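Step one of this worksheet: look at the structure below.
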Protein chains: 2
Amino acid sequence: MVKYQIIIEYEGTNFAGWQRQSNAISIQELIEESIAQLTQEKVVVHAAGRTDAGVHALGQVAHFSVSKEMPSNLMQKGLNHFLARKGITITSCSFASEDFHARFSAKKRSYRYIILNREAPSALDHKRAWHIYKALDLNKLQEAAKHLIGTHDFTSFRAKSCQAHSPIKTIDLINIYRHEDKIIFDLKATSFLHHMVRNIVGSLVLVGLSKLESSSIKNILAAKDRSQAGPTAPPHGLYFTKVEY
Amino acid sequence: MVKYQIIIEYEGTNFAGWQRQSNAISIQELIEESIAQLTQEKVVVHAAGRTDAGVHALGQVAHFSVSKEMPSNLMQKGLNHFLARKGITITSCSFASEDFHARFSAKKRSYRYIILNREAPSALDHKRAWHIYKALDLNKLQEAAKHLIGTHDFTSFRAKSCQAHSPIKTIDLINIYRHEDKIIFDLKATSFLHHMVRNIVGSLVLVGLSKLESSSIKNILAAKDRSQAGPTAPPHGLYFTKVEY
């Protein structure tokens with residue numbers, strides 16, 4: 001068997017998320033279908049992380065194995081041919097070592113969350129950013145985020161559906177900055193709990209709107225209680241940007 | 001009569017362009033309809049510049065007059081209510097002086113052209129950037145663009161359909177830079193001929209691909225002959241970004 005590693009960009013809007021579903025179209029399904037069309041082989045594609053419906057990706061990583069070798073650049077072009085106009089593109093394809101696993105070999109994962117922070121709704125980024133029309137206080141967002149850096153029990157920011165063994169995670173970086181009329185959150189960790197990025201953003205926004213003190217993020221974290229934190233930010237502002245191995 | 005000045009953002013993909021058409025949906029028509037729905041008045045909206053089908057805008061400017069005054073922030077919110085989910089948004093609305101004309105009072109117009117310059121097609125910017133998979137030489141693009149700055153007869157870069165009285169225009173600025181996997185062209189002039197930005201980009205790309213010398217742009221300009229220049233770049237990479245008064 002020959003193993004390939006692919007980097008994938010997708011527009012999550014029209015998909016039920018990464019994972020194959022019986023009753024809705026997923027990104028995994030379309031990629032597996034494109035591999036079948038190109039190679040005549042039925043394979044399972046394993047991703048670095050599942051993304052929910054509506055969530056986008058700039059640098060999702062996945063692997064799969066086929067029995068017949070094909071140059072990696074032809075594999076990439078062939079898959080992109082079958083994926084054309086479907087909102088999914090393979091931005092890189094290379095051979096992977098036998099022990100490589102897109103999920104289990106991943107050392108760092110990066111996500112970006114984009115908020116459009118202006119009064120007028122968006123014509124261009126309607127499904128690409130969370131529109132918040134009240135002004136967010138960037139300093140307060142940055143101040144509050146500091147409490148989340150490092151190793152903590154993130155139970156308060158964990159979805160009920162989360163299947164992780166432990167709620168303890170280590171956030172390496174939360175970088176929050178303004179770019180034109182957007183506020184951008186860049187986060188990095190070895191791994192995240194289900195909905196963790198969106199729950200963090202949803203809570204930080206309460207601070208940015210001055211509904212919560214910056215320091216209250218510390219208390220929310222300590223409470224280990226999902227009901228203490230803010231709402232889950234909508235999926236369409238979230239981008240899975242990068243995986244490091 | 002009360003005159004309003006509005007700034008408009010739109011996603012050009014699904015429109016036949018700015019100008020009202022009998023057989024296709026235009027941005028002008030939808031904005032005039034939203035004004036009629038809000039104010040019960042039938043008005044004509046005058047824009048700073050017409051944009052072609054598929055061309056986007058971040059800062060198109062227009063004006064219109066109604067007989068009954070309404071606070072400008074309510075006008076903006078009301079129009080955005082009726083424009084919701086149509087790919088058009090009013091990002092600013094203010095009262096304009098009696099002699100203000102969105103087109104004739106404009107002092108400077110700015111356009112941006114975005115090229116996605118990488119091998120893989122785009123999942124996220126499919127209708128928002130021109131995809132060129134061969135690498136463009138940024139230095140050559142910048143070198144060639146210098147010949148276009150200033151006052152020239154731009155006949156070689158003018159569409160047949162152009163209705164301007166004179167082909168002589170003055171380009172104040174062409175700034176070309178790389179941002180991630182994109183090459184961005186920012187252009188500014190008092191006004192442009194029809195298709196002028198797209199014809200300039202189409203010609204510069206030939207230089208960027210080393211199919212033409214940088215210096216040949218000078219000869220193309222001197223020829224005053226449209227057939228000497230490159231093809232018209234596609235509309236979906238073009239953004240009307242700003243109008244100054």
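Every chain in the structure tokens has a letter given in the order shown (A, B, ...), and although residue numbers restart at 1 in each chain, ligands are simply numbered from 1 in the order shown.
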Interface, chain A side, toward chain B (10 Å; only C-alpha atoms) as an MDAnalysis selection string | chainID A and resid 8:12 56:58 76:77 80:81 83:92 118:126 128
Can you write out the residues you just picked, keeping N, CA, C and O atoms, as a compact mmCIF listing (two decimals), in the first residue's frame?
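File written: out03.txt
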# COMPACT_ATOMS: atom_id res chain seq x y z
N ILE A 8 -5.91 20.12 2.77
CA ILE A 8 -7.21 20.38 2.16
C ILE A 8 -7.74 21.74 2.58
O ILE A 8 -7.69 22.11 3.75
N GLU A 9 -8.27 22.48 1.60
CA GLU A 9 -8.96 23.74 1.85
C GLU A 9 -10.43 23.50 1.53
O GLU A 9 -10.73 22.86 0.52
N TYR A 10 -11.32 23.96 2.37
CA TYR A 10 -12.74 23.85 2.01
C TYR A 10 -13.60 24.96 2.57
O TYR A 10 -13.27 25.59 3.56
N GLU A 11 -14.69 25.18 1.87
CA GLU A 11 -15.73 26.14 2.24
C GLU A 11 -16.79 25.28 2.92
O GLU A 11 -17.47 24.49 2.25
N GLY A 12 -16.93 25.40 4.23
CA GLY A 12 -17.77 24.47 4.97
C GLY A 12 -19.27 24.67 4.81
O GLY A 12 -20.06 23.80 5.21
N HIS A 56 -14.98 26.10 8.13
CA HIS A 56 -14.12 26.09 6.95
C HIS A 56 -12.73 25.54 7.29
O HIS A 56 -12.37 25.42 8.46
N ALA A 57 -11.96 25.25 6.26
CA ALA A 57 -10.57 24.83 6.49
C ALA A 57 -9.65 25.44 5.45
O ALA A 57 -9.99 25.50 4.27
N LEU A 58 -8.50 25.91 5.93
CA LEU A 58 -7.45 26.37 5.02
C LEU A 58 -6.34 25.32 4.97
O LEU A 58 -5.62 25.23 3.99
N GLN A 76 -2.71 14.80 -6.76
CA GLN A 76 -3.31 16.09 -6.40
C GLN A 76 -4.16 16.65 -7.55
O GLN A 76 -5.33 17.03 -7.35
N LYS A 77 -3.60 16.68 -8.75
CA LYS A 77 -4.34 17.23 -9.89
C LYS A 77 -5.59 16.41 -10.20
O LYS A 77 -6.64 16.96 -10.54
N ASN A 80 -8.25 17.08 -7.59
CA ASN A 80 -8.82 18.42 -7.80
C ASN A 80 -9.73 18.45 -9.03
O ASN A 80 -10.70 19.20 -9.07
N HIS A 81 -9.40 17.63 -10.01
CA HIS A 81 -10.28 17.54 -11.18
C HIS A 81 -11.68 17.06 -10.76
O HIS A 81 -12.70 17.63 -11.13
N LEU A 83 -12.92 17.11 -7.78
CA LEU A 83 -13.50 17.96 -6.72
C LEU A 83 -13.88 19.36 -7.24
O LEU A 83 -14.44 20.17 -6.50
N ALA A 84 -13.58 19.62 -8.52
CA ALA A 84 -13.77 20.97 -9.07
C ALA A 84 -15.17 21.50 -8.82
O ALA A 84 -16.16 20.78 -8.98
N ARG A 85 -15.23 22.76 -8.40
CA ARG A 85 -16.50 23.48 -8.18
C ARG A 85 -17.33 22.91 -7.05
O ARG A 85 -18.52 23.13 -6.98
N LYS A 86 -16.72 22.11 -6.18
CA LYS A 86 -17.47 21.56 -5.06
C LYS A 86 -17.11 22.24 -3.74
O LYS A 86 -17.60 21.87 -2.68
N GLY A 87 -16.22 23.23 -3.80
CA GLY A 87 -15.86 23.94 -2.58
C GLY A 87 -14.79 23.23 -1.76
O GLY A 87 -14.60 23.52 -0.58
N ILE A 88 -14.11 22.27 -2.39
CA ILE A 88 -13.03 21.53 -1.72
C ILE A 88 -11.84 21.52 -2.68
O ILE A 88 -12.02 21.24 -3.87
N THR A 89 -10.64 21.77 -2.16
CA THR A 89 -9.47 21.67 -3.03
C THR A 89 -8.29 21.09 -2.24
O THR A 89 -8.16 21.33 -1.05
N ILE A 90 -7.50 20.28 -2.93
CA ILE A 90 -6.30 19.71 -2.31
C ILE A 90 -5.16 20.67 -2.63
O ILE A 90 -4.79 20.84 -3.79
N THR A 91 -4.62 21.33 -1.59
CA THR A 91 -3.58 22.33 -1.85
C THR A 91 -2.18 21.72 -1.85
O THR A 91 -1.23 22.36 -2.27
N SER A 92 -2.06 20.49 -1.35
CA SER A 92 -0.76 19.83 -1.32
C SER A 92 -0.98 18.33 -1.22
O SER A 92 -1.94 17.87 -0.56
N ARG A 118 -18.72 45.40 12.80
CA ARG A 118 -19.17 46.69 12.27
C ARG A 118 -20.69 46.66 12.26
O ARG A 118 -21.29 45.58 12.37
N GLU A 119 -21.27 47.83 12.10
CA GLU A 119 -22.73 47.90 12.16
C GLU A 119 -23.39 47.19 10.98
O GLU A 119 -24.32 46.40 11.15
N ALA A 120 -22.89 47.44 9.77
CA ALA A 120 -23.53 46.88 8.58
C ALA A 120 -23.23 45.39 8.43
O ALA A 120 -22.10 44.96 8.66
N PRO A 121 -24.23 44.62 8.06
CA PRO A 121 -23.99 43.20 7.79
C PRO A 121 -23.04 43.05 6.60
O PRO A 121 -22.74 44.02 5.90
N SER A 122 -22.58 41.85 6.35
CA SER A 122 -21.59 41.63 5.30
C SER A 122 -22.23 41.18 4.01
O SER A 122 -23.09 40.31 4.00
N ALA A 123 -21.77 41.77 2.90
CA ALA A 123 -22.20 41.26 1.59
C ALA A 123 -21.23 40.20 1.11
O ALA A 123 -21.61 39.24 0.46
N LEU A 124 -19.96 40.36 1.47
CA LEU A 124 -18.93 39.47 0.93
C LEU A 124 -18.57 38.32 1.84
O LEU A 124 -18.10 37.28 1.39
N ASP A 125 -18.76 38.48 3.14
CA ASP A 125 -18.32 37.45 4.08
C ASP A 125 -19.45 36.90 4.94
O ASP A 125 -19.25 36.48 6.08
N HIS A 126 -20.63 36.91 4.35
CA HIS A 126 -21.83 36.48 5.03
C HIS A 126 -21.70 35.09 5.69
O HIS A 126 -22.12 34.89 6.84
N ARG A 128 -18.70 33.59 6.09
CA ARG A 128 -17.26 33.44 6.36
C ARG A 128 -16.82 34.11 7.65
O ARG A 128 -15.64 34.10 7.98
When DSSP is applied to the backbone of this structure, which of segment 68-145 of chain B are assigned strand (DSSP E or B)? Write them out as a tab-separated table (two decimals) with N, CA, C and O atoms, in the first residue's frame.
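And here is the file that came out, part.tsv:
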chain	number	residue	atom	x	y	z
B	88	ILE	N	-25.72	42.35	-1.03
B	88	ILE	CA	-25.50	43.80	-1.11
B	88	ILE	C	-25.70	44.36	0.30
B	88	ILE	O	-26.68	43.99	0.96
B	89	THR	N	-24.83	45.26	0.73
B	89	THR	CA	-25.01	45.89	2.03
B	89	THR	C	-24.57	47.35	1.98
B	89	THR	O	-23.63	47.69	1.26
B	90	ILE	N	-25.32	48.18	2.69
B	90	ILE	CA	-24.98	49.60	2.78
B	90	ILE	C	-24.09	49.74	4.01
B	90	ILE	O	-24.53	49.53	5.13
B	91	THR	N	-22.81	50.09	3.80
B	91	THR	CA	-21.89	50.15	4.95
B	91	THR	C	-21.87	51.54	5.57
B	91	THR	O	-21.35	51.71	6.66
B	92	SER	N	-22.43	52.53	4.88
B	92	SER	CA	-22.46	53.89	5.43
B	92	SER	C	-23.56	54.66	4.72
B	92	SER	O	-23.82	54.46	3.54
B	93	CYS	N	-24.22	55.55	5.46
B	93	CYS	CA	-25.25	56.40	4.87
B	93	CYS	C	-25.20	57.76	5.55
B	93	CYS	O	-25.15	57.84	6.79
B	94	SER	N	-25.15	58.81	4.77
B	94	SER	CA	-25.11	60.16	5.35
B	94	SER	C	-25.86	61.13	4.45
B	94	SER	O	-26.12	60.83	3.28
B	95	PHE	N	-26.22	62.28	4.99
B	95	PHE	CA	-26.86	63.31	4.17
B	95	PHE	C	-25.80	63.92	3.24
B	95	PHE	O	-24.64	64.04	3.63
B	108	LYS	N	-11.18	60.81	-6.74
B	108	LYS	CA	-10.30	59.66	-6.96
B	108	LYS	C	-11.10	58.36	-6.82
B	108	LYS	O	-11.97	58.25	-5.94
B	109	ARG	N	-10.77	57.40	-7.66
B	109	ARG	CA	-11.38	56.07	-7.58
B	109	ARG	C	-10.28	55.03	-7.39
B	109	ARG	O	-9.24	55.10	-8.04
B	110	SER	N	-10.53	54.06	-6.50
B	110	SER	CA	-9.55	53.00	-6.27
B	110	SER	C	-10.16	51.64	-6.57
B	110	SER	O	-11.32	51.38	-6.23
B	111	TYR	N	-9.36	50.81	-7.22
B	111	TYR	CA	-9.76	49.44	-7.53
B	111	TYR	C	-8.68	48.49	-7.02
B	111	TYR	O	-7.50	48.85	-6.93
B	112	ARG	N	-9.12	47.29	-6.69
B	112	ARG	CA	-8.17	46.22	-6.32
B	112	ARG	C	-8.41	45.04	-7.24
B	112	ARG	O	-9.56	44.72	-7.56
B	113	TYR	N	-7.33	44.42	-7.66
B	113	TYR	CA	-7.47	43.17	-8.43
B	113	TYR	C	-6.71	42.07	-7.69
B	113	TYR	O	-5.56	42.27	-7.31
B	114	ILE	N	-7.37	40.94	-7.48
B	114	ILE	CA	-6.75	39.84	-6.72
B	114	ILE	C	-6.53	38.63	-7.61
B	114	ILE	O	-7.46	38.13	-8.25
B	115	ILE	N	-5.28	38.17	-7.65
B	115	ILE	CA	-4.93	36.93	-8.36
B	115	ILE	C	-4.54	35.89	-7.32
B	115	ILE	O	-3.71	36.16	-6.44
B	116	LEU	N	-5.15	34.72	-7.40
B	116	LEU	CA	-4.71	33.59	-6.57
B	116	LEU	C	-3.62	32.90	-7.37
B	116	LEU	O	-3.89	32.34	-8.44
B	130	TRP	N	-8.85	35.74	-9.47
B	130	TRP	CA	-8.48	35.08	-10.72
B	130	TRP	C	-7.41	34.05	-10.38
B	130	TRP	O	-6.37	34.41	-9.83
B	131	HIS	N	-7.67	32.81	-10.68
B	131	HIS	CA	-6.71	31.76	-10.37
B	131	HIS	C	-5.71	31.60	-11.52
B	131	HIS	O	-6.09	31.25	-12.63
Separation of atom CA of Arg50 of chain B and atom CA of Gln28 of chain B, in Å?
->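 Rounded to one decimal, the two atoms are 9.4 Å apart.
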Could you jot down the atom CA of His101 of chain B to atom CA of Ala62 of chain B separation for me, Å, one decimal place?
-> 8.0 Å
Do a neighbour search on Gly54 of chain A at 12 Å with only C-alpha atoms, toss out local chain neighbours closer than 4 positions, and write the hits as a short mmCIF file (atom, residue, chain, number, x, y, z; two decimals) with all heavy atoms, in the first residue's frame.
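The result, written out as selection_35.cif:
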data_model
loop_
_atom_site.label_atom_id
_atom_site.label_comp_id
_atom_site.auth_asym_id
_atom_site.auth_seq_id
_atom_site.Cartn_x
_atom_site.Cartn_y
_atom_site.Cartn_z
N TYR A 10 -11.32 23.96 2.37
CA TYR A 10 -12.74 23.85 2.01
C TYR A 10 -13.60 24.96 2.57
O TYR A 10 -13.27 25.59 3.56
CB TYR A 10 -13.34 22.48 2.34
CG TYR A 10 -13.11 21.90 3.72
CD1 TYR A 10 -13.89 22.28 4.82
CD2 TYR A 10 -12.12 20.93 3.92
CE1 TYR A 10 -13.70 21.71 6.07
CE2 TYR A 10 -11.92 20.36 5.18
CZ TYR A 10 -12.71 20.76 6.24
OH TYR A 10 -12.52 20.20 7.48
N GLU A 11 -14.69 25.18 1.87
CA GLU A 11 -15.73 26.14 2.24
C GLU A 11 -16.79 25.28 2.92
O GLU A 11 -17.47 24.49 2.25
CB GLU A 11 -16.28 26.72 0.94
CG GLU A 11 -16.54 28.20 0.91
CD GLU A 11 -17.81 28.62 1.61
OE1 GLU A 11 -18.35 27.83 2.41
OE2 GLU A 11 -18.25 29.74 1.37
N GLY A 12 -16.93 25.40 4.23
CA GLY A 12 -17.77 24.47 4.97
C GLY A 12 -19.27 24.67 4.81
O GLY A 12 -20.06 23.80 5.21
N THR A 13 -19.65 25.80 4.22
CA THR A 13 -21.06 26.21 4.20
C THR A 13 -22.04 25.12 3.78
O THR A 13 -23.07 24.92 4.42
CB THR A 13 -21.23 27.43 3.25
OG1 THR A 13 -20.26 28.41 3.61
CG2 THR A 13 -22.62 28.02 3.34
N ASN A 14 -21.73 24.46 2.68
CA ASN A 14 -22.71 23.52 2.14
C ASN A 14 -22.52 22.07 2.58
O ASN A 14 -23.10 21.15 2.00
CB ASN A 14 -22.70 23.60 0.61
CG ASN A 14 -23.06 24.99 0.13
OD1 ASN A 14 -23.96 25.62 0.69
ND2 ASN A 14 -22.35 25.49 -0.86
N PHE A 15 -21.71 21.86 3.61
CA PHE A 15 -21.44 20.50 4.05
C PHE A 15 -21.93 20.26 5.48
O PHE A 15 -22.01 21.18 6.28
CB PHE A 15 -19.94 20.20 3.99
CG PHE A 15 -19.39 20.30 2.59
CD1 PHE A 15 -18.58 21.35 2.23
CD2 PHE A 15 -19.73 19.34 1.64
CE1 PHE A 15 -18.08 21.45 0.94
CE2 PHE A 15 -19.23 19.43 0.35
CZ PHE A 15 -18.41 20.48 -0.01
N ALA A 16 -22.20 18.99 5.75
CA ALA A 16 -22.62 18.59 7.10
C ALA A 16 -21.41 18.45 8.02
O ALA A 16 -21.54 17.94 9.13
CB ALA A 16 -23.37 17.27 7.02
N GLY A 17 -20.25 18.91 7.56
CA GLY A 17 -19.02 18.81 8.34
C GLY A 17 -18.05 17.84 7.69
O GLY A 17 -18.30 17.35 6.58
N TRP A 18 -16.93 17.60 8.36
CA TRP A 18 -15.93 16.68 7.80
C TRP A 18 -16.46 15.26 7.68
O TRP A 18 -16.35 14.62 6.64
CB TRP A 18 -14.65 16.66 8.65
CG TRP A 18 -13.77 15.53 8.25
CD1 TRP A 18 -13.70 14.28 8.82
CD2 TRP A 18 -12.91 15.48 7.11
NE1 TRP A 18 -12.85 13.47 8.11
CE2 TRP A 18 -12.35 14.19 7.05
CE3 TRP A 18 -12.56 16.41 6.11
CZ2 TRP A 18 -11.45 13.80 6.05
CZ3 TRP A 18 -11.67 16.02 5.11
CH2 TRP A 18 -11.13 14.74 5.09
N ILE A 25 -24.33 15.46 2.95
CA ILE A 25 -23.04 15.42 2.24
C ILE A 25 -21.93 15.97 3.13
O ILE A 25 -22.02 17.06 3.68
CB ILE A 25 -23.13 16.22 0.93
CG1 ILE A 25 -24.11 15.52 -0.02
CG2 ILE A 25 -21.76 16.31 0.26
CD1 ILE A 25 -24.42 16.31 -1.26
N SER A 26 -20.87 15.17 3.24
CA SER A 26 -19.73 15.56 4.05
C SER A 26 -18.50 15.75 3.17
O SER A 26 -18.45 15.28 2.03
CB SER A 26 -19.44 14.48 5.09
OG SER A 26 -19.02 13.30 4.41
N ILE A 27 -17.51 16.43 3.73
CA ILE A 27 -16.25 16.64 3.01
C ILE A 27 -15.53 15.30 2.83
O ILE A 27 -15.02 15.01 1.75
CB ILE A 27 -15.39 17.67 3.77
CG1 ILE A 27 -16.12 19.01 3.79
CG2 ILE A 27 -14.02 17.84 3.15
CD1 ILE A 27 -16.15 19.70 5.12
N ARG A 50 -11.92 16.47 13.03
CA ARG A 50 -13.24 16.61 12.43
C ARG A 50 -13.66 18.07 12.55
O ARG A 50 -13.42 18.70 13.58
CB ARG A 50 -14.26 15.76 13.19
CG ARG A 50 -14.00 14.29 13.06
CD ARG A 50 -14.89 13.54 14.04
NE ARG A 50 -14.49 12.14 14.09
CZ ARG A 50 -14.95 11.28 14.97
NH1 ARG A 50 -15.82 11.67 15.90
NH2 ARG A 50 -14.54 10.02 14.95
N GLY A 87 -16.22 23.23 -3.80
CA GLY A 87 -15.86 23.94 -2.58
C GLY A 87 -14.79 23.23 -1.76
O GLY A 87 -14.60 23.52 -0.58
N HIS A 126 -20.63 36.91 4.35
CA HIS A 126 -21.83 36.48 5.03
C HIS A 126 -21.70 35.09 5.69
O HIS A 126 -22.12 34.89 6.84
CB HIS A 126 -22.96 36.49 3.99
CG HIS A 126 -24.24 35.94 4.45
ND1 HIS A 126 -24.82 36.32 5.64
CD2 HIS A 126 -25.05 35.01 3.90
CE1 HIS A 126 -25.95 35.65 5.80
NE2 HIS A 126 -26.11 34.86 4.77
N LYS A 127 -21.09 34.16 5.00
CA LYS A 127 -20.92 32.80 5.53
C LYS A 127 -19.47 32.53 5.93
O LYS A 127 -19.06 31.38 6.07
CB LYS A 127 -21.36 31.77 4.47
CG LYS A 127 -22.88 31.70 4.32
CD LYS A 127 -23.51 31.08 5.57
CE LYS A 127 -25.01 30.91 5.43
NZ LYS A 127 -25.59 30.42 6.72
N ARG A 128 -18.70 33.59 6.09
CA ARG A 128 -17.26 33.44 6.36
C ARG A 128 -16.82 34.11 7.65
O ARG A 128 -15.64 34.10 7.98
CB ARG A 128 -16.45 34.07 5.23
CG ARG A 128 -16.75 33.56 3.86
CD ARG A 128 -15.96 32.32 3.58
NE ARG A 128 -16.22 31.87 2.24
CZ ARG A 128 -15.56 32.29 1.16
NH1 ARG A 128 -14.57 33.13 1.27
NH2 ARG A 128 -15.88 31.84 -0.03
N ALA A 129 -17.75 34.79 8.33
CA ALA A 129 -17.38 35.48 9.56
C ALA A 129 -18.64 35.66 10.41
O ALA A 129 -19.75 35.71 9.88
CB ALA A 129 -16.76 36.83 9.24
N TRP A 130 -18.44 35.73 11.72
CA TRP A 130 -19.57 35.99 12.64
C TRP A 130 -19.76 37.50 12.69
O TRP A 130 -18.82 38.24 13.04
CB TRP A 130 -19.22 35.44 14.01
CG TRP A 130 -20.30 35.59 15.05
CD1 TRP A 130 -21.62 35.84 14.84
CD2 TRP A 130 -20.14 35.48 16.48
NE1 TRP A 130 -22.30 35.88 16.05
CE2 TRP A 130 -21.42 35.67 17.06
CE3 TRP A 130 -19.05 35.23 17.31
CZ2 TRP A 130 -21.62 35.63 18.44
CZ3 TRP A 130 -19.25 35.18 18.68
CH2 TRP A 130 -20.52 35.38 19.25
N ALA A 233 -19.94 30.17 19.81
CA ALA A 233 -19.91 31.05 18.64
C ALA A 233 -20.32 30.25 17.40
O ALA A 233 -20.05 29.05 17.32
CB ALA A 233 -18.50 31.63 18.46
N PRO A 234 -20.98 30.88 16.44
CA PRO A 234 -21.46 30.13 15.27
C PRO A 234 -20.31 29.53 14.44
O PRO A 234 -19.20 30.05 14.44
CB PRO A 234 -22.24 31.18 14.46
CG PRO A 234 -21.77 32.50 14.97
CD PRO A 234 -21.34 32.30 16.39
N PRO A 235 -20.60 28.44 13.74
CA PRO A 235 -19.53 27.72 13.02
C PRO A 235 -18.91 28.50 11.87
O PRO A 235 -17.73 28.33 11.57
CB PRO A 235 -20.26 26.47 12.48
CG PRO A 235 -21.71 26.83 12.46
CD PRO A 235 -21.90 27.77 13.62
N HIS A 236 -19.69 29.38 11.22
CA HIS A 236 -19.19 29.96 9.97
C HIS A 236 -18.08 30.99 10.13
O HIS A 236 -17.52 31.46 9.14
CB HIS A 236 -20.35 30.53 9.13
CG HIS A 236 -21.13 31.60 9.82
ND1 HIS A 236 -22.18 31.33 10.67
CD2 HIS A 236 -21.01 32.94 9.80
CE1 HIS A 236 -22.67 32.47 11.13
NE2 HIS A 236 -21.98 33.46 10.61
N GLY A 237 -17.69 31.32 11.38
CA GLY A 237 -16.53 32.19 11.60
C GLY A 237 -15.24 31.39 11.81
O GLY A 237 -14.16 31.97 11.90
N LEU A 238 -15.36 30.07 11.88
CA LEU A 238 -14.21 29.22 12.26
C LEU A 238 -13.50 28.60 11.06
O LEU A 238 -14.14 28.11 10.13
CB LEU A 238 -14.70 28.11 13.19
CG LEU A 238 -13.63 27.21 13.82
CD1 LEU A 238 -12.65 27.99 14.70
CD2 LEU A 238 -14.28 26.09 14.65
N TYR A 239 -12.17 28.65 11.13
CA TYR A 239 -11.30 28.08 10.08
C TYR A 239 -10.26 27.18 10.74
O TYR A 239 -9.57 27.61 11.66
CB TYR A 239 -10.55 29.20 9.33
CG TYR A 239 -11.45 30.13 8.56
CD1 TYR A 239 -12.24 31.07 9.20
CD2 TYR A 239 -11.53 30.07 7.17
CE1 TYR A 239 -13.08 31.92 8.50
CE2 TYR A 239 -12.36 30.91 6.45
CZ TYR A 239 -13.14 31.84 7.13
OH TYR A 239 -13.97 32.66 6.43
N PHE A 240 -10.15 25.95 10.24
CA PHE A 240 -9.09 25.04 10.67
C PHE A 240 -7.89 25.38 9.78
O PHE A 240 -7.89 25.09 8.58
CB PHE A 240 -9.55 23.59 10.46
CG PHE A 240 -8.65 22.54 11.06
CD1 PHE A 240 -7.63 22.84 11.95
CD2 PHE A 240 -8.86 21.20 10.74
CE1 PHE A 240 -6.83 21.85 12.50
CE2 PHE A 240 -8.06 20.20 11.28
CZ PHE A 240 -7.04 20.53 12.15
#
What residues in segment 28-232 of chain A get the DSSP label helix (DSSP H, G or I)? Please answer as a PyMOL selection string.
-> chain A and resi 28-39+72-83+138-148+155-157+196-208+216-223+226-228
Non-local contacts of segment 194-196 of chain A (7 Å; only C-alpha atoms; under 5 positions in same chain excluded) as a ChimeraX atom specification = /A:157-159,162
Pick the closest to Glu32 of chain A from A:Val197, A:Val66, A:Leu173, A:Ala144: which is it, counting only C-alpha atoms?
->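 Among the listed residues, A:Val66 lies closest to Glu32 of chain A.
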Selection near Ser166 of chain A, 10 Å with only C-alpha atoms, sequence-local residues under 5 positions removed, as a list in words | Asp153, Phe154, Thr155 and Leu193 of chain A
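One distance worth recording is that between atom CA of Leu204 of chain B and atom CA of Asp181 of chain B, which is 17.9 Å.
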If we count only C-alpha atoms, what is near Asn117 of chain A at a cut-off of 7 Å, once residues fewer than 5 positions away on the same chain are taken out, given as a PyMOL selection string?
-> chain A and resi 131-135+181-183
Include N, CA, C and O atoms and write out the residues we just selected as a PDB file, in the first residue's frame.
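Ended up saving to result-v3.pdb:
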ATOM      1  N   HIS A 131     -20.920  37.960  12.340  1.00  0.00           N
ATOM      2  CA  HIS A 131     -21.189  39.390  12.345  1.00  0.00           C
ATOM      3  C   HIS A 131     -21.670  39.839  13.728  1.00  0.00           C
ATOM      4  O   HIS A 131     -22.715  39.400  14.199  1.00  0.00           O
ATOM      5  N   ILE A 132     -20.887  40.702  14.363  1.00  0.00           N
ATOM      6  CA  ILE A 132     -21.288  41.317  15.640  1.00  0.00           C
ATOM      7  C   ILE A 132     -21.324  42.813  15.413  1.00  0.00           C
ATOM      8  O   ILE A 132     -20.301  43.421  15.092  1.00  0.00           O
ATOM      9  N   TYR A 133     -22.493  43.413  15.523  1.00  0.00           N
ATOM     10  CA  TYR A 133     -22.609  44.818  15.133  1.00  0.00           C
ATOM     11  C   TYR A 133     -22.216  45.798  16.225  1.00  0.00           C
ATOM     12  O   TYR A 133     -21.895  46.948  15.949  1.00  0.00           O
ATOM     13  N   LYS A 134     -22.218  45.353  17.497  1.00  0.00           N
ATOM     14  CA  LYS A 134     -21.748  46.247  18.563  1.00  0.00           C
ATOM     15  C   LYS A 134     -20.231  46.176  18.646  1.00  0.00           C
ATOM     16  O   LYS A 134     -19.638  45.102  18.504  1.00  0.00           O
ATOM     17  N   ALA A 135     -19.602  47.315  18.933  1.00  0.00           N
ATOM     18  CA  ALA A 135     -18.137  47.370  18.955  1.00  0.00           C
ATOM     19  C   ALA A 135     -17.551  46.519  20.070  1.00  0.00           C
ATOM     20  O   ALA A 135     -17.972  46.615  21.231  1.00  0.00           O
ATOM     21  N   ASP A 181     -12.182  45.827   9.249  1.00  0.00           N
ATOM     22  CA  ASP A 181     -13.362  45.775  10.132  1.00  0.00           C
ATOM     23  C   ASP A 181     -13.580  44.400  10.754  1.00  0.00           C
ATOM     24  O   ASP A 181     -14.670  44.070  11.194  1.00  0.00           O
ATOM     25  N   LYS A 182     -12.510  43.607  10.821  1.00  0.00           N
ATOM     26  CA  LYS A 182     -12.595  42.272  11.410  1.00  0.00           C
ATOM     27  C   LYS A 182     -11.750  42.156  12.666  1.00  0.00           C
ATOM     28  O   LYS A 182     -10.727  42.817  12.801  1.00  0.00           O
ATOM     29  N   ILE A 183     -12.194  41.301  13.570  1.00  0.00           N
ATOM     30  CA  ILE A 183     -11.356  40.914  14.698  1.00  0.00           C
ATOM     31  C   ILE A 183     -11.042  39.435  14.520  1.00  0.00           C
ATOM     32  O   ILE A 183     -11.942  38.617  14.314  1.00  0.00           O
TER      33      ILE A 183
END
Could you produce a table of the residues of segment 91-146 of chain A lying within 10 Å of segment 206-220 of chain A, with the nearest pair of atoms per residue and their separation in Å rounded to one decimal, using only C-alpha atoms, ordered by chain and increasing residue number, as CSV?
residue,atom,partner,partner_atom,distance
A:Ile132,CA,A:Leu209,CA,9.8
A:Lys134,CA,A:Leu209,CA,7.4
A:Ala135,CA,A:Leu209,CA,7.1
A:Leu136,CA,A:Gly208,CA,4.7
A:Asp137,CA,A:Gly208,CA,4.7
A:Leu138,CA,A:Gly208,CA,6.6
A:Asn139,CA,A:Gly208,CA,8.1
A:Lys140,CA,A:Gly208,CA,5.6
A:Leu141,CA,A:Gly208,CA,5.2
A:Gln142,CA,A:Ser214,CA,8.7
A:Glu143,CA,A:Ser214,CA,6.1
A:Ala144,CA,A:Ser214,CA,4.3
A:Ala145,CA,A:Ile217,CA,7.8
A:Lys146,CA,A:Ile217,CA,9.2
